[in-house]
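A.B. asks: Below is the structure I would like to discuss, written out as structure tokens.
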Amino acid sequence: EMLEKGGYEHFMLKEIYEQPRSIRDCMRGRIYPQQGKVQLGGLKEYADKLKNVDRIIIVACGTSWHAGLVGEYLIEEYARVPVEVEYASEFRYRNPIITEKDVVIAISQSGETADTMAAIELAKEKGATIFGICNVVGASIPRTTHAGVYTHAGPEIGVASTKAFTAQVSVLTLIAFYIAQQRGTIARNKLIEYLTELNEIPELVEKALKANDHIQTIAAKFKDSRNCLFLGRGSSFPVALEGALKLKEISYIHAEGYPAAEMKHGPIALIDEEMPVVVIATKHSSYEKVISNIQEVKARGGKIIAVVTEGDTEVRNMADYIMEIPQTAEPFVPLLATIPLQLLSYHIAVMRGCNVDQPRNLAKSVTVE
Ligand code: AGP
């Protein structure tokens with residue numbers, strides 16, 4: 001087993017460290033930065049459909065649902081198509097409004113999740129076009145969908161999804177640019193610039209992983225916490241949700257993810273000296289707004305652990321601890337900001353003596369509803 005873990009103590013850590021490679025594999029043959037072109041063989045037949053689509057519905061569960069939320073931000077921003085992201089388990093039972101014009105994207109690492117499968121079948125009956133974003137080649141979901149894009153992250157053994165999530169987000173980024181390209185909602189120059197940057201993401205993930213030892217020392221400070229809040233805005237909001245899910249599933253610490261501005265509508269009541277608040281505060285469009293959210297937490301004695309852009313001084317002066325990620329363009333922040341959150345959860349769980357690869361009560365793929 002040690003051999004399978006490639007010298008790492010756990011599969012989860014191995015899979016976290018595989019991300020530079022898995023993201024690279026996911027983009028291989030799909031992006032052409034110099035030409036400003038995205039090519040998705042799996043969706044080729046549906047290029048026209050995507051050009052004229054009025055609405056996209058994303059269905060998924062758990063971490064895959066979080067990836068779907070990132071997809072919503074990216075597709076709406078760059079391709080200008082309205083997107084709805086649904087929990088497959090809710091969608092299937094609420095007589096959803098679906099027509100032949102709709103495109104449904106089902107996201108699933110395993111390709112076997114029962115609720116996601118049922119959501120696909122329902123949408124199919126109603127005549128929608130269904131695409132899959134799956135990791136396991138030949139699984140039930142990719143066999144049921146009309147077309148799709150594999151994530152190529154390689155086998156994920158740890159129950160807590162890590163590399164599958166960043167691969168799903170990578171595919172959704174490609175899909176957003178692909179649709180934008182079909183619809184002409186993104187300028188060629190802009191696409192060249194973004195794809196050039198995207199091509200660098202595996203190296204930047206590698207760089208983000210170098211903060212591991214520092215993150216371990218932060219983990220030691222918070223390992224006995226009973227609760228933890230994760231905040232983010234824009235596409236960093238789903239990253240906050242994913243950070244919270246990771247912490248709760250492997251360390252059993254109660255954690256919640258919130259859009260940072262929603263804090264004052266309730267969760268702020270929880271803040272005291274005992275409450276760690278992880279905030280994604282990178283230098284992008286909502287930077288100033290997030291800074292005021294940090295001040296609100298500090299004013300109530302909360303402890304701030306901030307994910308910041310390398311070299312940031314403003315948040316550094318306010319936060320109790322910082323975790324740096326390399327500078328990148330806005331659409332790629334989720335891919336980088338996820339890394340320190342995975343490492344933080346991992347180290348906290350190990351320090352608490354939890355079984356990180358196989359947390360209690362959880363199965364890798366949920367094949368019953
Ligand atoms: C992730 O860490 C979880 N274990 C879980 O939420 C998972 O993402 C969910 O069950 C969906 O699985 P799938 O991607 O295989 O469909």
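By order in the structure tokens, chains are A, B, ...; within a chain, residues start at 1; ligands start at 1, following the order shown.
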From a DSSP pass on the backbone, collect the residues of segment 36-98 of chain A flagged as strand (DSSP E or B) and hand them back as a ChimeraX atom specification.

C.D. replies: /A:37-38,56-60,83-87

A.B. asks: Could you list, as number ranges by chain, all the residues within 8 Å of ligand 1, counting only C-alpha atoms and all ligand atoms?

C.D. replies: A: 60-65, 107-113, 116, 134, 159-162, 164-165, 245-246, 249, 362-366

A.B. asks: Restricted to N, CA and C atoms, what would the selected residues look like written as a PDB file, in the first residue's frame?

C.D. replies:
```
ATOM      1  N   ALA A  60     -25.294  17.955  -9.955  1.00  0.00           N
ATOM      2  CA  ALA A  60     -24.185  17.244  -9.308  1.00  0.00           C
ATOM      3  C   ALA A  60     -24.476  17.123  -7.816  1.00  0.00           C
ATOM      4  N   CYS A  61     -23.576  16.449  -7.105  1.00  0.00           N
ATOM      5  CA  CYS A  61     -23.679  16.335  -5.650  1.00  0.00           C
ATOM      6  C   CYS A  61     -22.320  16.683  -5.028  1.00  0.00           C
ATOM      7  N   GLY A  62     -22.351  17.128  -3.793  1.00  0.00           N
ATOM      8  CA  GLY A  62     -21.133  17.320  -2.995  1.00  0.00           C
ATOM      9  C   GLY A  62     -20.095  18.213  -3.654  1.00  0.00           C
ATOM     10  N   THR A  63     -18.868  17.737  -3.646  1.00  0.00           N
ATOM     11  CA  THR A  63     -17.762  18.503  -4.224  1.00  0.00           C
ATOM     12  C   THR A  63     -18.007  18.821  -5.699  1.00  0.00           C
ATOM     13  N   SER A  64     -18.594  17.875  -6.417  1.00  0.00           N
ATOM     14  CA  SER A  64     -18.862  18.099  -7.844  1.00  0.00           C
ATOM     15  C   SER A  64     -19.858  19.243  -8.018  1.00  0.00           C
ATOM     16  N   TRP A  65     -20.771  19.377  -7.070  1.00  0.00           N
ATOM     17  CA  TRP A  65     -21.725  20.498  -7.099  1.00  0.00           C
ATOM     18  C   TRP A  65     -20.970  21.823  -6.882  1.00  0.00           C
ATOM     19  N   ILE A 107     -22.046  16.579 -13.477  1.00  0.00           N
ATOM     20  CA  ILE A 107     -20.642  16.460 -13.049  1.00  0.00           C
ATOM     21  C   ILE A 107     -20.538  15.348 -12.007  1.00  0.00           C
ATOM     22  N   SER A 108     -19.629  14.427 -12.221  1.00  0.00           N
ATOM     23  CA  SER A 108     -19.440  13.349 -11.247  1.00  0.00           C
ATOM     24  C   SER A 108     -18.052  12.739 -11.390  1.00  0.00           C
ATOM     25  N   GLN A 109     -17.318  12.712 -10.300  1.00  0.00           N
ATOM     26  CA  GLN A 109     -15.997  12.075 -10.323  1.00  0.00           C
ATOM     27  C   GLN A 109     -16.155  10.601 -10.666  1.00  0.00           C
ATOM     28  N   SER A 110     -16.976   9.906  -9.872  1.00  0.00           N
ATOM     29  CA  SER A 110     -17.103   8.448 -10.018  1.00  0.00           C
ATOM     30  C   SER A 110     -17.896   8.065 -11.255  1.00  0.00           C
ATOM     31  N   GLY A 111     -18.834   8.932 -11.639  1.00  0.00           N
ATOM     32  CA  GLY A 111     -19.735   8.578 -12.733  1.00  0.00           C
ATOM     33  C   GLY A 111     -20.773   7.563 -12.309  1.00  0.00           C
ATOM     34  N   GLU A 112     -20.929   7.365 -10.991  1.00  0.00           N
ATOM     35  CA  GLU A 112     -21.869   6.347 -10.506  1.00  0.00           C
ATOM     36  C   GLU A 112     -22.863   6.894  -9.487  1.00  0.00           C
ATOM     37  N   THR A 113     -22.811   8.159  -9.175  1.00  0.00           N
ATOM     38  CA  THR A 113     -23.682   8.704  -8.120  1.00  0.00           C
ATOM     39  C   THR A 113     -25.164   8.566  -8.509  1.00  0.00           C
ATOM     40  N   THR A 116     -27.330  11.754  -9.238  1.00  0.00           N
ATOM     41  CA  THR A 116     -26.915  12.444 -10.464  1.00  0.00           C
ATOM     42  C   THR A 116     -27.399  11.652 -11.683  1.00  0.00           C
ATOM     43  N   CYS A 134     -16.899  13.711 -16.228  1.00  0.00           N
ATOM     44  CA  CYS A 134     -16.630  12.594 -15.325  1.00  0.00           C
ATOM     45  C   CYS A 134     -15.150  12.274 -15.304  1.00  0.00           C
ATOM     46  N   VAL A 159     -11.336   9.368  -0.027  1.00  0.00           N
ATOM     47  CA  VAL A 159     -12.773   9.652  -0.100  1.00  0.00           C
ATOM     48  C   VAL A 159     -13.003  11.158  -0.298  1.00  0.00           C
ATOM     49  N   ALA A 160     -12.159  11.960   0.316  1.00  0.00           N
ATOM     50  CA  ALA A 160     -12.282  13.412   0.139  1.00  0.00           C
ATOM     51  C   ALA A 160     -11.711  13.787  -1.234  1.00  0.00           C
ATOM     52  N   SER A 161     -12.558  14.365  -2.036  1.00  0.00           N
ATOM     53  CA  SER A 161     -12.148  14.688  -3.404  1.00  0.00           C
ATOM     54  C   SER A 161     -11.208  15.895  -3.422  1.00  0.00           C
ATOM     55  N   THR A 162     -10.093  15.759  -4.116  1.00  0.00           N
ATOM     56  CA  THR A 162      -9.129  16.866  -4.214  1.00  0.00           C
ATOM     57  C   THR A 162      -8.768  17.112  -5.677  1.00  0.00           C
ATOM     58  N   ALA A 164      -9.786  15.542  -8.223  1.00  0.00           N
ATOM     59  CA  ALA A 164     -10.944  15.462  -9.127  1.00  0.00           C
ATOM     60  C   ALA A 164     -11.643  16.824  -9.188  1.00  0.00           C
ATOM     61  N   PHE A 165     -11.680  17.518  -8.039  1.00  0.00           N
ATOM     62  CA  PHE A 165     -12.320  18.841  -8.009  1.00  0.00           C
ATOM     63  C   PHE A 165     -11.587  19.838  -8.899  1.00  0.00           C
ATOM     64  N   LEU A 245     -16.396  21.929   3.312  1.00  0.00           N
ATOM     65  CA  LEU A 245     -16.765  20.506   3.183  1.00  0.00           C
ATOM     66  C   LEU A 245     -15.555  19.624   3.467  1.00  0.00           C
ATOM     67  N   LYS A 246     -14.389  20.033   2.933  1.00  0.00           N
ATOM     68  CA  LYS A 246     -13.173  19.243   3.132  1.00  0.00           C
ATOM     69  C   LYS A 246     -12.880  19.141   4.623  1.00  0.00           C
ATOM     70  N   GLU A 249     -15.561  16.914   6.469  1.00  0.00           N
ATOM     71  CA  GLU A 249     -15.601  15.475   6.188  1.00  0.00           C
ATOM     72  C   GLU A 249     -14.391  14.717   6.695  1.00  0.00           C
ATOM     73  N   LEU A 362     -18.661   7.716   5.483  1.00  0.00           N
ATOM     74  CA  LEU A 362     -18.661   8.174   4.087  1.00  0.00           C
ATOM     75  C   LEU A 362     -18.214   7.080   3.114  1.00  0.00           C
ATOM     76  N   ALA A 363     -18.790   7.110   1.924  1.00  0.00           N
ATOM     77  CA  ALA A 363     -18.372   6.190   0.862  1.00  0.00           C
ATOM     78  C   ALA A 363     -17.810   7.012  -0.281  1.00  0.00           C
ATOM     79  N   LYS A 364     -16.886   6.449  -1.015  1.00  0.00           N
ATOM     80  CA  LYS A 364     -16.287   7.192  -2.132  1.00  0.00           C
ATOM     81  C   LYS A 364     -17.328   7.496  -3.200  1.00  0.00           C
ATOM     82  N   SER A 365     -18.163   6.500  -3.494  1.00  0.00           N
ATOM     83  CA  SER A 365     -19.218   6.876  -4.428  1.00  0.00           C
ATOM     84  C   SER A 365     -20.561   6.425  -3.871  1.00  0.00           C
ATOM     85  N   VAL A 366     -21.504   7.351  -3.934  1.00  0.00           N
ATOM     86  CA  VAL A 366     -22.796   7.128  -3.276  1.00  0.00           C
ATOM     87  C   VAL A 366     -23.780   6.587  -4.318  1.00  0.00           C
TER      88      VAL A 366
END
```

A.B. asks: Can you tell me, as an mmCIF file with N, CA and C atoms, in the first residue's frame, what residues are no more than 7 Å from segment 274-287 of chain A when counting only C-alpha atoms, ignoring any on the same chain fewer than 4 positions away?

C.D. replies:
```cif
data_model
loop_
_atom_site.group_PDB
_atom_site.id
_atom_site.type_symbol
_atom_site.label_atom_id
_atom_site.label_comp_id
_atom_site.auth_asym_id
_atom_site.auth_seq_id
_atom_site.Cartn_x
_atom_site.Cartn_y
_atom_site.Cartn_z
ATOM 1 N N ASN A 227 -15.464 24.842 15.614
ATOM 2 C CA ASN A 227 -16.178 25.363 14.446
ATOM 3 C C ASN A 227 -15.211 26.122 13.569
ATOM 4 N N CYS A 228 -15.595 26.324 12.358
ATOM 5 C CA CYS A 228 -14.764 27.129 11.459
ATOM 6 C C CYS A 228 -15.649 27.691 10.347
ATOM 7 N N LEU A 229 -15.403 28.942 10.011
ATOM 8 C CA LEU A 229 -16.170 29.586 8.940
ATOM 9 C C LEU A 229 -15.240 29.809 7.749
ATOM 10 N N PHE A 230 -15.767 29.620 6.553
ATOM 11 C CA PHE A 230 -15.005 29.877 5.328
ATOM 12 C C PHE A 230 -15.753 30.919 4.517
ATOM 13 N N LEU A 231 -15.065 31.983 4.135
ATOM 14 C CA LEU A 231 -15.720 33.051 3.386
ATOM 15 C C LEU A 231 -15.018 33.334 2.068
ATOM 16 N N GLY A 232 -15.818 33.675 1.070
ATOM 17 C CA GLY A 232 -15.265 34.080 -0.222
ATOM 18 C C GLY A 232 -16.341 34.812 -0.993
ATOM 19 N N ARG A 233 -15.936 35.552 -1.994
ATOM 20 C CA ARG A 233 -16.909 36.238 -2.847
ATOM 21 C C ARG A 233 -16.666 35.854 -4.296
ATOM 22 N N SER A 236 -14.802 32.711 -5.669
ATOM 23 C CA SER A 236 -14.154 32.177 -4.464
ATOM 24 C C SER A 236 -15.185 31.725 -3.426
ATOM 25 N N ILE A 291 -11.897 42.917 2.259
ATOM 26 C CA ILE A 291 -11.146 43.553 3.342
ATOM 27 C C ILE A 291 -12.115 44.095 4.399
ATOM 28 N N GLY A 302 -12.694 37.576 16.150
ATOM 29 C CA GLY A 302 -12.459 36.342 15.380
ATOM 30 C C GLY A 302 -11.031 36.249 14.879
ATOM 31 N N LYS A 303 -10.590 35.018 14.644
ATOM 32 C CA LYS A 303 -9.226 34.806 14.136
ATOM 33 C C LYS A 303 -9.285 34.629 12.626
ATOM 34 N N ILE A 304 -8.486 35.432 11.927
ATOM 35 C CA ILE A 304 -8.507 35.368 10.457
ATOM 36 C C ILE A 304 -7.325 34.576 9.900
ATOM 37 N N ILE A 305 -7.671 33.602 9.064
ATOM 38 C CA ILE A 305 -6.650 32.908 8.261
ATOM 39 C C ILE A 305 -6.994 33.293 6.823
ATOM 40 N N ALA A 306 -6.127 34.083 6.194
ATOM 41 C CA ALA A 306 -6.485 34.588 4.866
ATOM 42 C C ALA A 306 -5.664 33.940 3.760
ATOM 43 N N VAL A 307 -6.358 33.590 2.690
ATOM 44 C CA VAL A 307 -5.672 33.148 1.466
ATOM 45 C C VAL A 307 -5.451 34.417 0.651
ATOM 46 N N VAL A 308 -4.197 34.778 0.436
ATOM 47 C CA VAL A 308 -3.888 36.043 -0.240
ATOM 48 C C VAL A 308 -2.986 35.838 -1.449
ATOM 49 N N THR A 309 -2.957 36.868 -2.287
ATOM 50 C CA THR A 309 -2.038 36.865 -3.424
ATOM 51 C C THR A 309 -0.634 37.146 -2.885
ATOM 52 N N GLU A 330 -8.108 36.486 -12.856
ATOM 53 C CA GLU A 330 -9.311 36.194 -12.074
ATOM 54 C C GLU A 330 -9.961 34.824 -12.344
#
```

A.B. asks: One number please: atom CA of Ile179 of chain A to atom CA of Glu77 of chain A, in Å, one decimal.

C.D. replies: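 Between atom CA of Ile179 of chain A and atom CA of Glu77 of chain A the gap is 11.2 Å.
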
A.B. asks: Please extract the residues of segment 23-142 of chain A with a backbone DSSP assignment of alpha helix (DSSP H) and present them as number ranges by chain.

C.D. replies: A: 23-27, 47-52, 62-74, 88-91, 114-125, 140-142

A.B. asks: Would you save the residues of that selection, restricted to N, CA and C atoms, as a short mmCIF file (atom, residue, chain, number, x, y, z; two decimals), in the first residue's frame?

C.D. replies:
```
data_model
loop_
_atom_site.label_atom_id
_atom_site.label_comp_id
_atom_site.auth_asym_id
_atom_site.auth_seq_id
_atom_site.Cartn_x
_atom_site.Cartn_y
_atom_site.Cartn_z
N ILE A 23 -3.97 18.53 -13.60
CA ILE A 23 -4.52 19.70 -14.31
C ILE A 23 -3.89 19.77 -15.71
N ARG A 24 -2.61 19.49 -15.77
CA ARG A 24 -1.93 19.47 -17.07
C ARG A 24 -2.57 18.42 -17.99
N ASP A 25 -2.80 17.21 -17.45
CA ASP A 25 -3.41 16.14 -18.26
C ASP A 25 -4.79 16.53 -18.76
N CYS A 26 -5.49 17.26 -17.89
CA CYS A 26 -6.85 17.65 -18.24
C CYS A 26 -6.86 18.67 -19.39
N MET A 27 -5.79 19.45 -19.51
CA MET A 27 -5.76 20.49 -20.56
C MET A 27 -5.07 20.01 -21.84
N ALA A 47 -21.27 21.80 -31.11
CA ALA A 47 -20.79 23.19 -31.15
C ALA A 47 -21.92 24.17 -31.50
N ASP A 48 -22.78 23.78 -32.45
CA ASP A 48 -23.88 24.67 -32.85
C ASP A 48 -24.92 24.80 -31.76
N LYS A 49 -25.19 23.68 -31.15
CA LYS A 49 -26.16 23.66 -30.04
C LYS A 49 -25.69 24.65 -28.96
N LEU A 50 -24.40 24.61 -28.66
CA LEU A 50 -23.86 25.48 -27.61
C LEU A 50 -23.85 26.94 -28.05
N LYS A 51 -23.69 27.13 -29.34
CA LYS A 51 -23.68 28.50 -29.85
C LYS A 51 -25.03 29.18 -29.60
N ASN A 52 -26.10 28.39 -29.70
CA ASN A 52 -27.43 28.96 -29.60
C ASN A 52 -28.16 28.66 -28.29
N GLY A 62 -22.35 17.13 -3.79
CA GLY A 62 -21.13 17.32 -3.00
C GLY A 62 -20.09 18.21 -3.65
N THR A 63 -18.87 17.74 -3.65
CA THR A 63 -17.76 18.50 -4.22
C THR A 63 -18.01 18.82 -5.70
N SER A 64 -18.59 17.88 -6.42
CA SER A 64 -18.86 18.10 -7.84
C SER A 64 -19.86 19.24 -8.02
N TRP A 65 -20.77 19.38 -7.07
CA TRP A 65 -21.73 20.50 -7.10
C TRP A 65 -20.97 21.82 -6.88
N HIS A 66 -19.98 21.81 -6.01
CA HIS A 66 -19.17 23.02 -5.81
C HIS A 66 -18.45 23.41 -7.10
N ALA A 67 -17.91 22.40 -7.78
CA ALA A 67 -17.25 22.68 -9.07
C ALA A 67 -18.28 23.30 -10.01
N GLY A 68 -19.50 22.78 -9.99
CA GLY A 68 -20.57 23.31 -10.83
C GLY A 68 -20.83 24.79 -10.56
N LEU A 69 -20.77 25.17 -9.28
CA LEU A 69 -20.97 26.59 -8.94
C LEU A 69 -19.86 27.47 -9.51
N VAL A 70 -18.63 26.97 -9.46
CA VAL A 70 -17.53 27.72 -10.09
C VAL A 70 -17.85 27.85 -11.58
N GLY A 71 -18.33 26.74 -12.17
CA GLY A 71 -18.69 26.73 -13.60
C GLY A 71 -19.74 27.78 -13.92
N GLU A 72 -20.70 27.94 -13.02
CA GLU A 72 -21.74 28.95 -13.24
C GLU A 72 -21.13 30.35 -13.37
N TYR A 73 -20.23 30.69 -12.46
CA TYR A 73 -19.59 32.01 -12.53
C TYR A 73 -18.84 32.17 -13.85
N LEU A 74 -18.10 31.14 -14.23
CA LEU A 74 -17.26 31.25 -15.43
C LEU A 74 -18.09 31.28 -16.71
N ALA A 88 -28.47 17.38 -7.55
CA ALA A 88 -29.16 16.33 -8.31
C ALA A 88 -30.32 15.74 -7.50
N SER A 89 -30.11 15.60 -6.20
CA SER A 89 -31.13 14.97 -5.34
C SER A 89 -32.40 15.81 -5.22
N GLU A 90 -32.27 17.12 -5.33
CA GLU A 90 -33.43 18.01 -5.27
C GLU A 90 -34.09 18.08 -6.65
N PHE A 91 -33.26 18.27 -7.63
CA PHE A 91 -33.71 18.42 -9.01
C PHE A 91 -34.63 17.27 -9.42
N ALA A 114 -25.92 7.89 -7.63
CA ALA A 114 -27.30 7.53 -7.97
C ALA A 114 -28.18 8.76 -8.26
N ASP A 115 -28.09 9.77 -7.42
CA ASP A 115 -28.95 10.95 -7.63
C ASP A 115 -28.60 11.67 -8.94
N THR A 116 -27.33 11.75 -9.24
CA THR A 116 -26.91 12.44 -10.46
C THR A 116 -27.40 11.65 -11.68
N MET A 117 -27.29 10.35 -11.57
CA MET A 117 -27.75 9.46 -12.64
C MET A 117 -29.26 9.65 -12.86
N ALA A 118 -30.02 9.71 -11.77
CA ALA A 118 -31.48 9.86 -11.89
C ALA A 118 -31.84 11.23 -12.49
N ALA A 119 -31.07 12.25 -12.12
CA ALA A 119 -31.32 13.60 -12.66
C ALA A 119 -31.10 13.59 -14.17
N ILE A 120 -30.06 12.87 -14.61
CA ILE A 120 -29.77 12.78 -16.04
C ILE A 120 -30.93 12.09 -16.76
N GLU A 121 -31.39 10.98 -16.19
CA GLU A 121 -32.47 10.24 -16.85
C GLU A 121 -33.72 11.09 -16.99
N LEU A 122 -34.01 11.85 -15.96
CA LEU A 122 -35.19 12.72 -16.00
C LEU A 122 -35.05 13.78 -17.10
N ALA A 123 -33.88 14.41 -17.14
CA ALA A 123 -33.66 15.48 -18.14
C ALA A 123 -33.68 14.90 -19.54
N LYS A 124 -33.21 13.68 -19.66
CA LYS A 124 -33.18 13.01 -20.96
C LYS A 124 -34.60 12.74 -21.45
N GLU A 125 -35.43 12.25 -20.53
CA GLU A 125 -36.85 12.00 -20.86
C GLU A 125 -37.52 13.25 -21.38
N SER A 140 -21.06 4.57 -15.43
CA SER A 140 -22.47 4.64 -15.87
C SER A 140 -22.86 6.01 -16.42
N ILE A 141 -22.44 7.08 -15.76
CA ILE A 141 -22.86 8.42 -16.23
C ILE A 141 -22.31 8.74 -17.62
N PRO A 142 -21.01 8.60 -17.84
CA PRO A 142 -20.55 8.88 -19.22
C PRO A 142 -21.19 7.97 -20.27
#
```
